[in-house]
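Colleague: Before I ask anything, here is the structure I am working with.
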Amino acid sequence: MSKINQTLGEFIIDHQSSFKYSSGELSRLINSIRLAAKVVNYEVNKAGLVDILGDFGDTNIQGEAQQKLDVYAHDKFVQTLTKRNIVCGIASEEEDDFISINSLDANNQNKYVVLIDPLDGSSNIDVNVSVGTIFSVYRRVTPIGSPVLLEDFLQKGSQQVAAGYVIYGTSTMLVYTTGYGVNGFTLNPAIGTFYLSHPNMQFPDLGNIYSINEGNYVHFPKGVKAYLKYCQMEEGDRPYTSRYIGSLVSDCHRNMIKGGIYLYPETMQNPAGKLRLLYECNPMAFITEQAGGKASNGFKRIMEVEPQTLHQRVPFYCGNKKMVSTLESFMKENP
Ligand code: AHM
Ligand code: MG
């Protein structure tokens with residue numbers, strides 16, 4: 001008899017008991033993200049049709065569509081989490097300040113905050129390339145029932161309770177961890193259901209892909225330049241191969257399945273790197289580590305970086321453990 005894959009809804013219920021003192025709040029949170037992801041997926045899939053449907057008149061259709069989808073995704077995730085009374089605070093790449101949900105409802109007893117990049121890599125939509133949503137979940141540190149404060153969001157990645165991403169690609173997937181491994185679910189668009197398709201995702205032991213925007217090469221730190229030269233040398237079980245989509249979720253997803261390293265170093269123009277610590281790097285780092293990989297700022301574990309501001313940037317290297325360790329040794333040897 002053929003095996004019927006578990007749905008994401010069933011998986012969430014089955015695994016709720018693995019959390020000590022679980023009240024079901026985290027399960028409801030993941031369920032809400034699942035719901036918003038389906039709504040955003042529907043809209044992202046229609047993006048190529050806006051021209052044909054002619055909704056935008058004489059305006060710059062590509063610019064408008066891209067801007068609108070970022071904001072649309074932000075609105076959908078925030079509405080879903082707020083209206084269903086799931087969390088006490090949300091921080092998003094799309095808003096300068098965090099949103100306090102307690103301040104709207106004095107009875108809000110929720111204990112989780114969510115940090116989210118609602119539509120990462122959205123400039124790729126114009127050219128029909130995959131984009132993603134990235135999210136990170138923490139337990140608040142201030143008392144339950146009071147308005148959330150910045151310190152609830154400025155927690156080290158090692159404090160994350162859950163993290164995940166949605167990839168809107170040739171198929172749509174939701175991949176997440178609650179600290180017990182990484183599981184991936186693929187959406188069957190015909191019936192709008194996510195099915196467990198990638199149980200217990202793990203990086204292969206060896207990787208041979210490096211993913212970096214080499215257009216910035218002249219601005220890279222010496223250690224990264226030396227590492228790239230090392231990857232390009234033909235020797236032993238090398239050479240490596242280069243793959244760069246320019247969409248963090250897609251590049252990391254592929255590397256997790258095939259084995260590889262993603263690099264976004266600091267450059268002269270972006271001395272702190274480009275990617276955001278709290279809602280891009282930390283969640284990808286949590287997933288990476290849970291899948292047996294490693295995530296670093298070149299010198300130390302990303303999840304140990306002490307956050308100072310909500311939209312802080314950080315150099316980011318993540319992927320196969322051995323590859324990231326080698327990159328770190330090149331950084332150390334080439335100051
Ligand atoms: P965004 O948050 O403005 O979408 O930028 C983040 C994206 C990542 O998805 C991607 O890995 C990176 O920017 C690509 O940057 P670049 O175009 O400089 O290579
Ligand atoms: Mg982003």
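Each chain in the structure tokens gets a letter, A, B, ..., in the order shown, and its residues are numbered from 1; ligands are numbered from 1 in order too.
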Can you list, as a ChimeraX atom specification, every protein, DNA or RNA residue that comes within 8 Å of Thr267 (chain A) when you count only C-alpha atoms, leaving out same-chain residues fewer than 2 positions away?

Modeller: /A:216,219-221,265,269-273

Colleague: Store the residues picked out above, limited to all heavy atoms, as a PDB file, in the first residue's frame.

Modeller:
ATOM      1  N   ASN A 216      31.051  41.752  -6.663  1.00  0.00           N
ATOM      2  CA  ASN A 216      31.623  42.622  -5.621  1.00  0.00           C
ATOM      3  C   ASN A 216      33.055  42.227  -5.262  1.00  0.00           C
ATOM      4  O   ASN A 216      33.596  42.708  -4.267  1.00  0.00           O
ATOM      5  CB  ASN A 216      30.755  42.527  -4.337  1.00  0.00           C
ATOM      6  CG  ASN A 216      29.348  43.047  -4.565  1.00  0.00           C
ATOM      7  OD1 ASN A 216      29.147  43.977  -5.344  1.00  0.00           O
ATOM      8  ND2 ASN A 216      28.373  42.450  -3.895  1.00  0.00           N
ATOM      9  N   HIS A 219      35.862  44.316  -3.715  1.00  0.00           N
ATOM     10  CA  HIS A 219      35.584  44.919  -2.401  1.00  0.00           C
ATOM     11  C   HIS A 219      35.595  43.905  -1.260  1.00  0.00           C
ATOM     12  O   HIS A 219      35.385  44.266  -0.113  1.00  0.00           O
ATOM     13  CB  HIS A 219      34.204  45.601  -2.419  1.00  0.00           C
ATOM     14  CG  HIS A 219      34.079  46.630  -3.502  1.00  0.00           C
ATOM     15  ND1 HIS A 219      34.841  47.765  -3.536  1.00  0.00           N
ATOM     16  CD2 HIS A 219      33.278  46.679  -4.600  1.00  0.00           C
ATOM     17  CE1 HIS A 219      34.521  48.471  -4.605  1.00  0.00           C
ATOM     18  NE2 HIS A 219      33.573  47.835  -5.264  1.00  0.00           N
ATOM     19  N   PHE A 220      35.806  42.624  -1.569  1.00  0.00           N
ATOM     20  CA  PHE A 220      35.732  41.602  -0.515  1.00  0.00           C
ATOM     21  C   PHE A 220      36.938  41.678   0.422  1.00  0.00           C
ATOM     22  O   PHE A 220      38.036  42.073   0.003  1.00  0.00           O
ATOM     23  CB  PHE A 220      35.692  40.197  -1.134  1.00  0.00           C
ATOM     24  CG  PHE A 220      34.397  39.852  -1.822  1.00  0.00           C
ATOM     25  CD1 PHE A 220      34.365  38.882  -2.817  1.00  0.00           C
ATOM     26  CD2 PHE A 220      33.209  40.477  -1.469  1.00  0.00           C
ATOM     27  CE1 PHE A 220      33.182  38.554  -3.459  1.00  0.00           C
ATOM     28  CE2 PHE A 220      32.027  40.152  -2.107  1.00  0.00           C
ATOM     29  CZ  PHE A 220      32.017  39.189  -3.097  1.00  0.00           C
ATOM     30  N   PRO A 221      36.778  41.216   1.665  1.00  0.00           N
ATOM     31  CA  PRO A 221      37.932  41.095   2.558  1.00  0.00           C
ATOM     32  C   PRO A 221      38.927  40.074   2.007  1.00  0.00           C
ATOM     33  O   PRO A 221      38.546  39.182   1.235  1.00  0.00           O
ATOM     34  CB  PRO A 221      37.322  40.588   3.871  1.00  0.00           C
ATOM     35  CG  PRO A 221      35.869  40.473   3.670  1.00  0.00           C
ATOM     36  CD  PRO A 221      35.518  40.771   2.260  1.00  0.00           C
ATOM     37  N   PRO A 265      29.728  38.699   2.284  1.00  0.00           N
ATOM     38  CA  PRO A 265      30.705  39.365   3.149  1.00  0.00           C
ATOM     39  C   PRO A 265      30.422  40.855   3.287  1.00  0.00           C
ATOM     40  O   PRO A 265      29.590  41.410   2.564  1.00  0.00           O
ATOM     41  CB  PRO A 265      32.023  39.184   2.393  1.00  0.00           C
ATOM     42  CG  PRO A 265      31.710  38.500   1.113  1.00  0.00           C
ATOM     43  CD  PRO A 265      30.233  38.450   0.937  1.00  0.00           C
ATOM     44  N   GLN A 269      31.377  49.200   0.271  1.00  0.00           N
ATOM     45  CA  GLN A 269      30.120  49.973   0.299  1.00  0.00           C
ATOM     46  C   GLN A 269      29.253  49.592   1.495  1.00  0.00           C
ATOM     47  O   GLN A 269      28.548  50.428   2.042  1.00  0.00           O
ATOM     48  CB  GLN A 269      29.263  49.742  -0.953  1.00  0.00           C
ATOM     49  CG  GLN A 269      29.946  49.892  -2.289  1.00  0.00           C
ATOM     50  CD  GLN A 269      30.370  48.549  -2.829  1.00  0.00           C
ATOM     51  OE1 GLN A 269      31.072  47.791  -2.146  1.00  0.00           O
ATOM     52  NE2 GLN A 269      29.957  48.224  -4.043  1.00  0.00           N
ATOM     53  N   ASN A 270      29.273  48.312   1.858  1.00  0.00           N
ATOM     54  CA  ASN A 270      28.464  47.824   2.991  1.00  0.00           C
ATOM     55  C   ASN A 270      29.398  47.230   4.046  1.00  0.00           C
ATOM     56  O   ASN A 270      29.572  46.012   4.122  1.00  0.00           O
ATOM     57  CB  ASN A 270      27.482  46.725   2.528  1.00  0.00           C
ATOM     58  CG  ASN A 270      26.443  47.254   1.569  1.00  0.00           C
ATOM     59  OD1 ASN A 270      25.856  48.309   1.776  1.00  0.00           O
ATOM     60  ND2 ASN A 270      26.227  46.522   0.493  1.00  0.00           N
ATOM     61  N   PRO A 271      30.012  48.092   4.865  1.00  0.00           N
ATOM     62  CA  PRO A 271      31.039  47.593   5.797  1.00  0.00           C
ATOM     63  C   PRO A 271      30.510  46.590   6.809  1.00  0.00           C
ATOM     64  O   PRO A 271      31.280  45.836   7.398  1.00  0.00           O
ATOM     65  CB  PRO A 271      31.551  48.852   6.499  1.00  0.00           C
ATOM     66  CG  PRO A 271      30.831  50.004   5.912  1.00  0.00           C
ATOM     67  CD  PRO A 271      29.804  49.532   4.933  1.00  0.00           C
ATOM     68  N   ALA A 272      29.186  46.556   7.017  1.00  0.00           N
ATOM     69  CA  ALA A 272      28.636  45.555   7.942  1.00  0.00           C
ATOM     70  C   ALA A 272      27.975  44.415   7.177  1.00  0.00           C
ATOM     71  O   ALA A 272      27.267  43.594   7.757  1.00  0.00           O
ATOM     72  CB  ALA A 272      27.635  46.209   8.873  1.00  0.00           C
ATOM     73  N   GLY A 273      28.193  44.347   5.871  1.00  0.00           N
ATOM     74  CA  GLY A 273      27.495  43.342   5.075  1.00  0.00           C
ATOM     75  C   GLY A 273      26.146  43.891   4.635  1.00  0.00           C
ATOM     76  O   GLY A 273      25.812  45.054   4.915  1.00  0.00           O
TER      77      GLY A 273
END

Colleague: Pull the helix (DSSP H, G or I) assignments for region 24-170 of chain A out of DSSP run on the backbone, and list those residues as a PyMOL selection string.

Modeller: chain A and resi 25-45+47-53+61-83+102-104+122-127+150-153+157-159

Colleague: Ligand 2: which residues are within 10 Å, counting only C-alpha atoms and all ligand atoms, as a list of chain:residue names?

Modeller: A:Asp70, A:Ser92, A:Glu93, A:Glu94, A:Ile116, A:Asp117, A:Pro118, A:Leu119, A:Asp120, A:Gly121, A:Ser122, A:Val131, A:Gly132, A:Thr133, A:Ile134, A:Ser247, A:Leu248, A:Val249, A:Lys274, A:Leu275, A:Arg276, A:Tyr279, A:Glu280, A:Cys281

Colleague: A:Tyr176, A:Tyr165, A:Phe299, A:Phe194: which is nearest ligand 1, counting only C-alpha atoms and all ligand atoms?

Modeller: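 Of all the options, A:Tyr165 lies closest to ligand 1.
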
Colleague: Taking into account only C-alpha atoms and all ligand atoms, which residue in the set A:Tyr112, A:Tyr240, A:Phe286, A:Tyr217 is nearest to ligand 1?

Modeller: A:Tyr217

Colleague: Give me the residues within 12 Å of Met284 (chain A) as a ChimeraX atom specification, counting only C-alpha atoms and dropping any in the same chain fewer than 5 places off.

Modeller: /A:116-117,132-136,157-158,160,162-166,175-177,182,248-253,255-256,262,275-279,289-291,293-296,302-303,316-319

Colleague: Between A:Gln16, A:Gln6, A:Thr288, A:Asn41, which residue has the minimum interatomic distance to Phe203 (chain A), considering only C-alpha atoms?

Modeller: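 Distance minimum relative to Phe203 (chain A) lands on A:Thr288.
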
Colleague: I need the residue nearest Met201 (chain A) from this list: A:Arg243, A:Arg254, A:Arg28, A:Lys156. Use only C-alpha atoms for the distance.

Modeller: A:Arg254

Colleague: Report, in Å with one decimal, the straight-line distance from atom 2 (O, counted along the ligand's line) of ligand 1 to CA of Ile287 (chain A).

Modeller: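 Separation between atom 2 (O, counted along the ligand's line) of ligand 1 and CA of Ile287 (chain A): 18.3 Å.
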
Colleague: So, counting only C-alpha atoms, which residue among A:Lys222, A:Glu306, A:Arg301, A:Ser197 is closest to Glu333 (chain A)?

Modeller: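 The closest residue to Glu333 (chain A) is A:Lys222.
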
Colleague: Considering only C-alpha atoms and all ligand atoms, can you say which of A:Val324, A:Leu310, A:Ile245, A:Met268 comes closest to ligand 1?

Modeller: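 So, comparing all the options, the nearest one is A:Ile245.
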
Colleague: Which polymer residues have any atom within 9 Å of an atom of Val44 (chain A), counting only C-alpha atoms, with same-chain residues fewer than 3 positions away left out, as number ranges by chain?

Modeller: A: 39-41, 47-48, 69, 125, 131, 168

Colleague: Please, could you write that set of residues out with N, CA and C atoms as a CSV table (one decimal), in the first residue's frame?

Modeller:
chain,number,residue,atom,x,y,z
A,39,VAL,N,-1.7,32.4,1.2
A,39,VAL,CA,-2.3,33.6,0.6
A,39,VAL,C,-1.2,34.4,-0.2
A,40,VAL,N,0.0,34.5,0.4
A,40,VAL,CA,1.1,35.2,-0.3
A,40,VAL,C,1.5,34.5,-1.5
A,41,ASN,N,1.5,33.1,-1.4
A,41,ASN,CA,1.9,32.3,-2.5
A,41,ASN,C,1.0,32.5,-3.7
A,47,ALA,N,2.0,37.3,-10.1
A,47,ALA,CA,2.8,38.5,-10.3
A,47,ALA,C,3.0,38.7,-11.8
A,48,GLY,N,3.3,37.6,-12.5
A,48,GLY,CA,3.6,37.8,-14.0
A,48,GLY,C,2.4,38.2,-14.8
A,69,LEU,N,4.0,43.8,-3.7
A,69,LEU,CA,4.1,42.5,-3.2
A,69,LEU,C,4.8,42.4,-1.8
A,125,ILE,N,11.2,38.9,-8.5
A,125,ILE,CA,9.9,38.5,-9.0
A,125,ILE,C,9.7,39.0,-10.5
A,131,VAL,N,11.4,33.6,-4.7
A,131,VAL,CA,11.6,34.5,-3.6
A,131,VAL,C,11.2,33.8,-2.3
A,168,TYR,N,8.9,30.4,-2.5
A,168,TYR,CA,7.9,30.5,-3.6
A,168,TYR,C,8.7,30.2,-4.9

Colleague: Can you work out the spacing between CA of Lys258 (chain A) and CA of Leu206 (chain A) in Å, to one decimal?

Modeller: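 Calculated distance between CA of Lys258 (chain A) and CA of Leu206 (chain A) is 8.9 Å.
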